[in-house]
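Next comes input-v3.tsv, with TSV, C-alpha atoms.
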```
chain	number	residue	atom	x	y	z
A	231	THR	CA	-8.23	-9.02	-39.11
A	232	PHE	CA	-10.07	-6.05	-37.68
A	233	ASP	CA	-13.21	-8.17	-37.25
A	234	LEU	CA	-11.40	-10.25	-34.60
A	235	ILE	CA	-10.88	-7.25	-32.32
A	236	ALA	CA	-13.35	-7.21	-29.41
A	237	GLU	CA	-16.13	-4.79	-30.29
A	238	GLU	CA	-15.63	-2.65	-27.18
A	239	HIS	CA	-11.96	-2.11	-28.12
A	240	ARG	CA	-12.41	-1.26	-31.81
A	241	ASP	CA	-12.90	2.50	-31.42
A	242	ASP	CA	-9.75	2.85	-29.32
A	243	TRP	CA	-7.83	0.63	-31.74
A	244	LEU	CA	-8.81	2.87	-34.66
A	245	LYS	CA	-7.84	6.00	-32.73
A	246	HIS	CA	-4.40	4.55	-31.98
A	247	HIS	CA	-4.03	3.44	-35.59
A	248	ASP	CA	-4.82	6.96	-36.81
A	249	ARG	CA	-2.26	8.43	-34.41
A	250	VAL	CA	0.42	6.08	-35.70
A	251	CYS	CA	-0.45	6.98	-39.28
A	252	SER	CA	-0.04	10.64	-38.23
A	253	GLY	CA	3.56	9.98	-37.24
A	254	GLU	CA	3.43	8.77	-33.61
A	255	ARG	CA	5.05	5.65	-32.16
A	256	LEU	CA	2.56	3.96	-29.85
A	257	GLY	CA	2.00	0.89	-27.75
A	258	TRP	CA	-1.43	-0.27	-26.54
A	259	GLU	CA	-3.40	-3.31	-25.47
A	260	PHE	CA	-6.70	-4.78	-26.65
A	261	ASP	CA	-8.68	-8.01	-26.74
A	262	ILE	CA	-9.37	-10.21	-29.71
A	263	ILE	CA	-11.98	-12.93	-30.03
A	264	SER	CA	-10.89	-15.84	-32.19
A	265	LEU	CA	-13.20	-17.76	-34.50
A	266	ASP	CA	-13.78	-20.39	-31.82
A	267	GLY	CA	-14.88	-17.69	-29.35
A	268	THR	CA	-11.69	-17.63	-27.28
A	269	ARG	CA	-10.83	-14.19	-25.93
A	270	ARG	CA	-7.15	-13.27	-25.91
A	271	HIS	CA	-5.43	-10.16	-24.55
A	272	MET	CA	-2.94	-8.64	-26.97
A	273	GLU	CA	-0.16	-6.07	-26.71
A	274	THR	CA	0.98	-4.18	-29.78
A	275	HIS	CA	3.76	-1.69	-30.55
A	276	ALA	CA	3.47	0.23	-33.79
A	277	VAL	CA	5.58	2.71	-35.76
A	278	PRO	CA	4.64	4.74	-38.83
A	279	ILE	CA	6.06	3.69	-42.21
A	280	GLU	CA	5.79	5.16	-45.68
A	281	LEU	CA	3.95	2.89	-48.13
A	282	ASP	CA	4.80	2.45	-51.79
A	283	ASP	CA	2.04	4.84	-52.84
A	284	GLY	CA	3.35	7.58	-50.54
A	285	ARG	CA	0.73	7.16	-47.84
A	286	ILE	CA	1.65	6.53	-44.21
A	287	GLY	CA	0.82	3.15	-42.74
A	288	GLN	CA	2.02	1.31	-39.71
A	289	LEU	CA	4.39	-1.52	-38.92
A	290	ALA	CA	3.19	-3.32	-35.78
A	291	LEU	CA	4.55	-6.05	-33.54
A	292	THR	CA	1.73	-7.74	-31.67
A	293	ARG	CA	1.97	-10.50	-29.10
A	294	ASP	CA	-0.41	-12.49	-26.91
A	295	VAL	CA	-0.09	-11.41	-23.24
A	296	SER	CA	-3.18	-13.22	-21.93
A	297	ALA	CA	-1.17	-15.13	-19.30
A	298	ARG	CA	0.42	-11.95	-17.98
A	299	LYS	CA	-2.93	-10.17	-17.88
A	300	ALA	CA	-4.54	-13.07	-16.02
A	301	THR	CA	-1.73	-12.97	-13.45
A	302	GLU	CA	-2.10	-9.20	-13.02
A	303	ASN	CA	-5.86	-9.57	-12.55
A	304	SER	CA	-5.40	-12.36	-10.01
A	305	LEU	CA	-2.83	-10.34	-8.05
A	306	GLN	CA	-5.08	-7.29	-8.07
A	307	THR	CA	-8.03	-9.34	-6.83
A	308	LEU	CA	-5.89	-10.86	-4.08
A	309	ASN	CA	-4.55	-7.46	-3.09
A	310	ASN	CA	-8.07	-6.02	-2.90
A	311	GLU	CA	-9.25	-8.92	-0.75
A	312	LEU	CA	-6.28	-8.61	1.60
A	313	GLU	CA	-6.70	-4.85	1.89
A	314	GLN	CA	-10.38	-5.30	2.68
A	315	ARG	CA	-9.56	-7.81	5.40
A	316	VAL	CA	-6.94	-5.47	6.88
A	317	GLN	CA	-9.38	-2.57	6.87
A	318	GLU	CA	-12.07	-4.67	8.50
A	319	ARG	CA	-9.65	-5.94	11.16
A	320	THR	CA	-8.37	-2.43	11.84
A	321	ALA	CA	-11.92	-1.06	12.01
A	322	GLN	CA	-12.89	-3.78	14.48
A	323	LEU	CA	-9.92	-2.95	16.66
A	324	ARG	CA	-10.60	0.79	16.58
A	325	ASN	CA	-14.29	0.28	17.33
A	326	THR	CA	-13.43	-1.94	20.26
A	327	LEU	CA	-10.96	0.59	21.61
A	328	GLN	CA	-13.51	3.39	21.20
A	329	ARG	CA	-16.18	1.49	23.14
A	330	LEU	CA	-13.82	0.83	26.03
A	331	GLN	CA	-12.00	4.16	26.24
A	332	ASP	CA	-14.09	5.32	29.23
A	333	THR	CA	-12.92	2.39	31.33
A	334	GLU	CA	-9.19	2.73	31.76
A	335	SER	CA	-8.56	-0.64	33.38
A	336	ASN	CA	-10.52	-2.56	30.73
A	337	LEU	CA	-8.81	-0.62	27.95
A	338	ALA	CA	-5.38	-1.35	29.37
A	339	LEU	CA	-6.26	-5.04	29.65
A	340	LEU	CA	-7.57	-5.16	26.09
A	341	ILE	CA	-4.49	-3.44	24.68
A	342	ASP	CA	-2.16	-5.75	26.51
A	343	ARG	CA	-3.94	-8.83	25.15
A	344	VAL	CA	-3.72	-7.71	21.51
A	345	SER	CA	-0.78	-9.73	20.24
A	346	ASP	CA	-0.86	-9.00	16.50
A	347	TYR	CA	-0.52	-5.21	16.93
A	348	ALA	CA	2.11	-3.23	18.79
A	349	ILE	CA	0.08	-0.62	20.70
A	350	TYR	CA	1.91	1.79	22.96
A	351	ARG	CA	2.01	5.39	24.13
A	352	LEU	CA	4.71	8.02	23.63
A	353	ASP	CA	5.30	11.20	25.57
A	354	ARG	CA	5.60	14.59	23.85
A	355	ASP	CA	9.22	13.85	22.88
A	356	GLY	CA	8.58	10.34	21.53
A	357	ASN	CA	9.73	8.37	24.58
A	358	VAL	CA	7.91	5.09	25.21
A	359	GLN	CA	5.48	5.23	28.17
A	360	SER	CA	3.56	1.96	27.80
A	361	TRP	CA	4.13	-1.38	26.07
A	362	ASN	CA	1.70	-4.18	25.20
A	363	SER	CA	2.27	-7.87	24.47
A	364	GLY	CA	1.97	-7.26	20.72
A	365	ALA	CA	4.80	-4.75	20.88
A	366	GLU	CA	6.97	-7.24	22.74
A	367	ARG	CA	6.16	-9.99	20.22
A	368	ILE	CA	6.75	-7.83	17.12
A	369	LYS	CA	9.76	-5.79	18.28
A	370	GLY	CA	11.43	-8.18	20.71
A	371	TYR	CA	11.79	-5.83	23.71
A	372	ASN	CA	10.04	-6.39	27.03
A	373	ALA	CA	8.56	-3.42	28.86
A	374	GLU	CA	11.50	-3.04	31.27
A	375	GLU	CA	13.95	-2.81	28.36
A	376	ILE	CA	12.13	-0.20	26.31
A	377	ILE	CA	9.98	2.07	28.49
A	378	GLY	CA	11.71	5.43	28.78
A	379	LYS	CA	13.64	5.00	25.54
A	380	ASN	CA	12.84	6.94	22.39
A	381	PHE	CA	10.74	5.23	19.72
A	382	SER	CA	13.44	6.07	17.15
A	383	THR	CA	15.16	2.94	18.51
A	384	PHE	CA	13.03	0.93	16.06
A	385	TYR	CA	14.07	2.90	12.94
A	386	THR	CA	16.71	1.87	10.42
A	387	ALA	CA	19.97	3.80	10.19
A	388	GLU	CA	18.85	5.21	6.84
A	389	ASP	CA	15.59	6.57	8.28
A	390	LEU	CA	17.38	7.98	11.30
A	391	ALA	CA	19.77	9.84	9.01
A	392	ASN	CA	16.80	11.19	7.03
A	393	GLY	CA	14.98	12.37	10.17
A	394	ARG	CA	11.96	10.09	9.68
A	395	PRO	CA	11.11	9.68	13.41
A	396	GLN	CA	10.99	13.43	13.95
A	397	PHE	CA	8.95	13.89	10.76
A	398	ALA	CA	6.38	11.32	11.96
A	399	LEU	CA	5.85	13.09	15.29
A	400	LYS	CA	5.79	16.53	13.71
A	401	SER	CA	3.17	15.42	11.17
A	402	ALA	CA	1.01	13.72	13.82
A	403	ARG	CA	1.21	16.81	16.03
A	404	LYS	CA	0.22	19.06	13.14
A	405	ASP	CA	-2.49	16.94	11.49
A	406	GLY	CA	-3.66	14.79	14.39
A	407	ARG	CA	-2.58	11.58	12.67
A	408	PHE	CA	0.35	10.22	10.69
A	409	GLU	CA	0.25	6.95	8.71
A	410	SER	CA	3.08	5.30	6.80
A	411	GLU	CA	4.78	2.04	5.88
A	412	GLY	CA	8.46	1.23	6.06
A	413	TRP	CA	11.22	-0.97	7.43
A	414	ARG	CA	11.71	-1.20	11.19
A	415	VAL	CA	14.35	-2.95	13.31
A	416	ARG	CA	13.75	-5.56	16.04
A	417	LYS	CA	15.86	-5.97	19.15
A	418	ASP	CA	17.88	-8.75	17.48
A	419	GLY	CA	18.71	-6.47	14.53
A	420	THR	CA	16.40	-8.13	11.99
A	421	ARG	CA	14.12	-5.94	9.90
A	422	PHE	CA	10.38	-6.19	9.34
A	423	PHE	CA	8.06	-4.19	7.10
A	424	ALA	CA	5.58	-2.24	9.20
A	425	SER	CA	2.35	-0.34	8.77
A	426	VAL	CA	2.36	2.51	11.31
A	427	VAL	CA	-0.28	4.88	12.69
A	428	VAL	CA	0.64	7.70	15.08
A	429	ASP	CA	-2.20	9.68	16.70
A	430	ALA	CA	-1.72	12.86	18.72
A	431	ILE	CA	-3.28	12.65	22.21
A	432	CYS	CA	-4.89	15.65	23.87
A	433	ASP	CA	-6.21	15.82	27.43
A	434	ALA	CA	-8.72	18.59	28.07
A	435	GLY	CA	-7.43	20.31	24.94
A	436	GLU	CA	-3.78	20.08	25.93
A	437	PHE	CA	-1.37	18.03	23.84
A	438	VAL	CA	0.19	15.33	26.03
A	439	GLY	CA	1.79	12.81	23.67
A	440	PHE	CA	1.08	10.16	21.05
A	441	ALA	CA	-0.64	6.80	20.64
A	442	LYS	CA	1.19	4.49	18.26
A	443	ILE	CA	-0.05	1.34	16.48
A	444	THR	CA	2.36	-0.82	14.48
A	445	ARG	CA	1.41	-3.86	12.38
A	446	ASP	CA	3.97	-6.27	10.96
```
Show the structure stored in the file as structure tokens.
Amino acid sequence: TFDLIAEEHRDDWLKHHDRVCSGERLGWEFDIISLDGTRRHMETHAVPIELDDGRIGQLALTRDVSARKATENSLQTLNNELEQRVQERTAQLRNTLQRLQDTESNLALLIDRVSDYAIYRLDRDGNVQSWNSGAERIKGYNAEEIIGKNFSTFYTAEDLANGRPQFALKSARKDGRFESEGWRVRKDGTRFFASVVVDAICDAGEFVGFAKITRD
């Protein structure tokens, strides 16, 4: 009965009911509270029907989707927690890099020791100029194998055909930064899903290349 609908959902339920009785087909979700106090999440789909007295009512199919809703909520919570941890880890890394940028030797040493991020530099045309241990671990190439080659080496055939490498550099050059996610290819041909940041680098106001960070 209507009294079982959670109080905070009653107004919306009535609005949907009125729309159905005006001729619309609708689906919506709401909570009910059973007589023993248990809250359940319901999903209903309703269509208008003509009653015996000529008025318009509704024919509704309603089912309990509490388990699905609980799973969605758990996944959303987990996703939020993971995203927060990623943001915190990325912020820590960026702050560390910022503090050490005035000391070239210390910065180079720090970058090389970061093993969970591929951090490397590209020239103006996208050719690899530096290579850290994280890049070697994630992508499978050592420095001798990859320095001098174009970073498009890591893109899938589909992305190469669509011009994604060129788009990334063009966007970073224009906006100062380009961020994306997508599939990349290791030396052995296997694919991994990557989060990528490309920053344009300027020296005394002159554009000189790009800094690239990739996370598996």
Nearest candidate to Lys369 in chain A (options A:Ala276, A:Leu327, A:Ala236, A:Ala424; using only C-alpha atoms):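 Among A:Ala276, A:Leu327, A:Ala236, A:Ala424, it is A:Ala424 that comes nearest to Lys369 in chain A.
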Pick from A:Ala398, A:Leu323, A:Ile235, A:Cys432 nearest to Gly267 in chain A, counting only C-alpha atoms: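 Among A:Ala398, A:Leu323, A:Ile235, A:Cys432, it is A:Ile235 that comes nearest to Gly267 in chain A.
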All residues 7 Å or closer to range 406-422 of chain A, only C-alpha atoms, same chain fewer than 4 positions away omitted, as a PDB file with C-alpha atoms, keeping the file's coordinate frame:
```pdb
ATOM      1  CA  LYS A 369       9.760  -5.790  18.280  1.00  0.00           C
ATOM      2  CA  GLY A 370      11.430  -8.180  20.710  1.00  0.00           C
ATOM      3  CA  TYR A 371      11.790  -5.830  23.710  1.00  0.00           C
ATOM      4  CA  PHE A 384      13.030   0.930  16.060  1.00  0.00           C
ATOM      5  CA  TYR A 385      14.070   2.900  12.940  1.00  0.00           C
ATOM      6  CA  THR A 386      16.710   1.870  10.420  1.00  0.00           C
ATOM      7  CA  ALA A 398       6.380  11.320  11.960  1.00  0.00           C
ATOM      8  CA  SER A 401       3.170  15.420  11.170  1.00  0.00           C
ATOM      9  CA  ALA A 402       1.010  13.720  13.820  1.00  0.00           C
ATOM     10  CA  VAL A 426       2.360   2.510  11.310  1.00  0.00           C
ATOM     11  CA  VAL A 427      -0.280   4.880  12.690  1.00  0.00           C
ATOM     12  CA  VAL A 428       0.640   7.700  15.080  1.00  0.00           C
ATOM     13  CA  ASP A 429      -2.200   9.680  16.700  1.00  0.00           C
ATOM     14  CA  ALA A 430      -1.720  12.860  18.720  1.00  0.00           C
ATOM     15  CA  ASP A 446       3.970  -6.270  10.960  1.00  0.00           C
TER      16      ASP A 446
END
```
Selected residue, from A:Val277, A:Gly356, A:Ile377, A:Ser304, that lies nearest to Pro395 in chain A when counting all atoms listed in the file: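 Closest to Pro395 in chain A, using all atoms listed in the file: A:Gly356.
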Pairwise distance for CA of Glu311 in chain A and CA of Asp405 in chain A, rounded to one decimal in Å: 29.4 Å
Pick from A:His271, A:Ala365, A:Ala300, A:Cys251 nearest to Gly284 in chain A, counting all atoms listed in the file: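 So, comparing all the options, the nearest one is A:Cys251.
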Point-to-point distance from CA of Glu318 in chain A to CA of Asp346 in chain A, Å rounded to tenths: 14.4 Å
Atomic separation - CA of Ile263 in chain A relative to CA of Thr307 in chain A, Å: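 Going from CA of Thr307 in chain A over to CA of Ile263 in chain A covers 23.8 Å.
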Selected residue, from A:Gln322, A:Thr274, A:Gln314, A:Thr268, that lies nearest to Thr292 in chain A when counting only C-alpha atoms: A:Thr274
Near-Thr444 in chain A list (6 Å; only C-alpha atoms; drop same-chain fewer than 5 positions) as a ChimeraX atom specification: /A:347-348,425-426
Give me a file of those residues, with C-alpha atoms, as a PDB file, in the coordinates of the input.
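Listing of again-v9.pdb after writing:
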```
ATOM      1  CA  TYR A 347      -0.520  -5.210  16.930  1.00  0.00           C
ATOM      2  CA  ALA A 348       2.110  -3.230  18.790  1.00  0.00           C
ATOM      3  CA  SER A 425       2.350  -0.340   8.770  1.00  0.00           C
ATOM      4  CA  VAL A 426       2.360   2.510  11.310  1.00  0.00           C
TER       5      VAL A 426
END
```
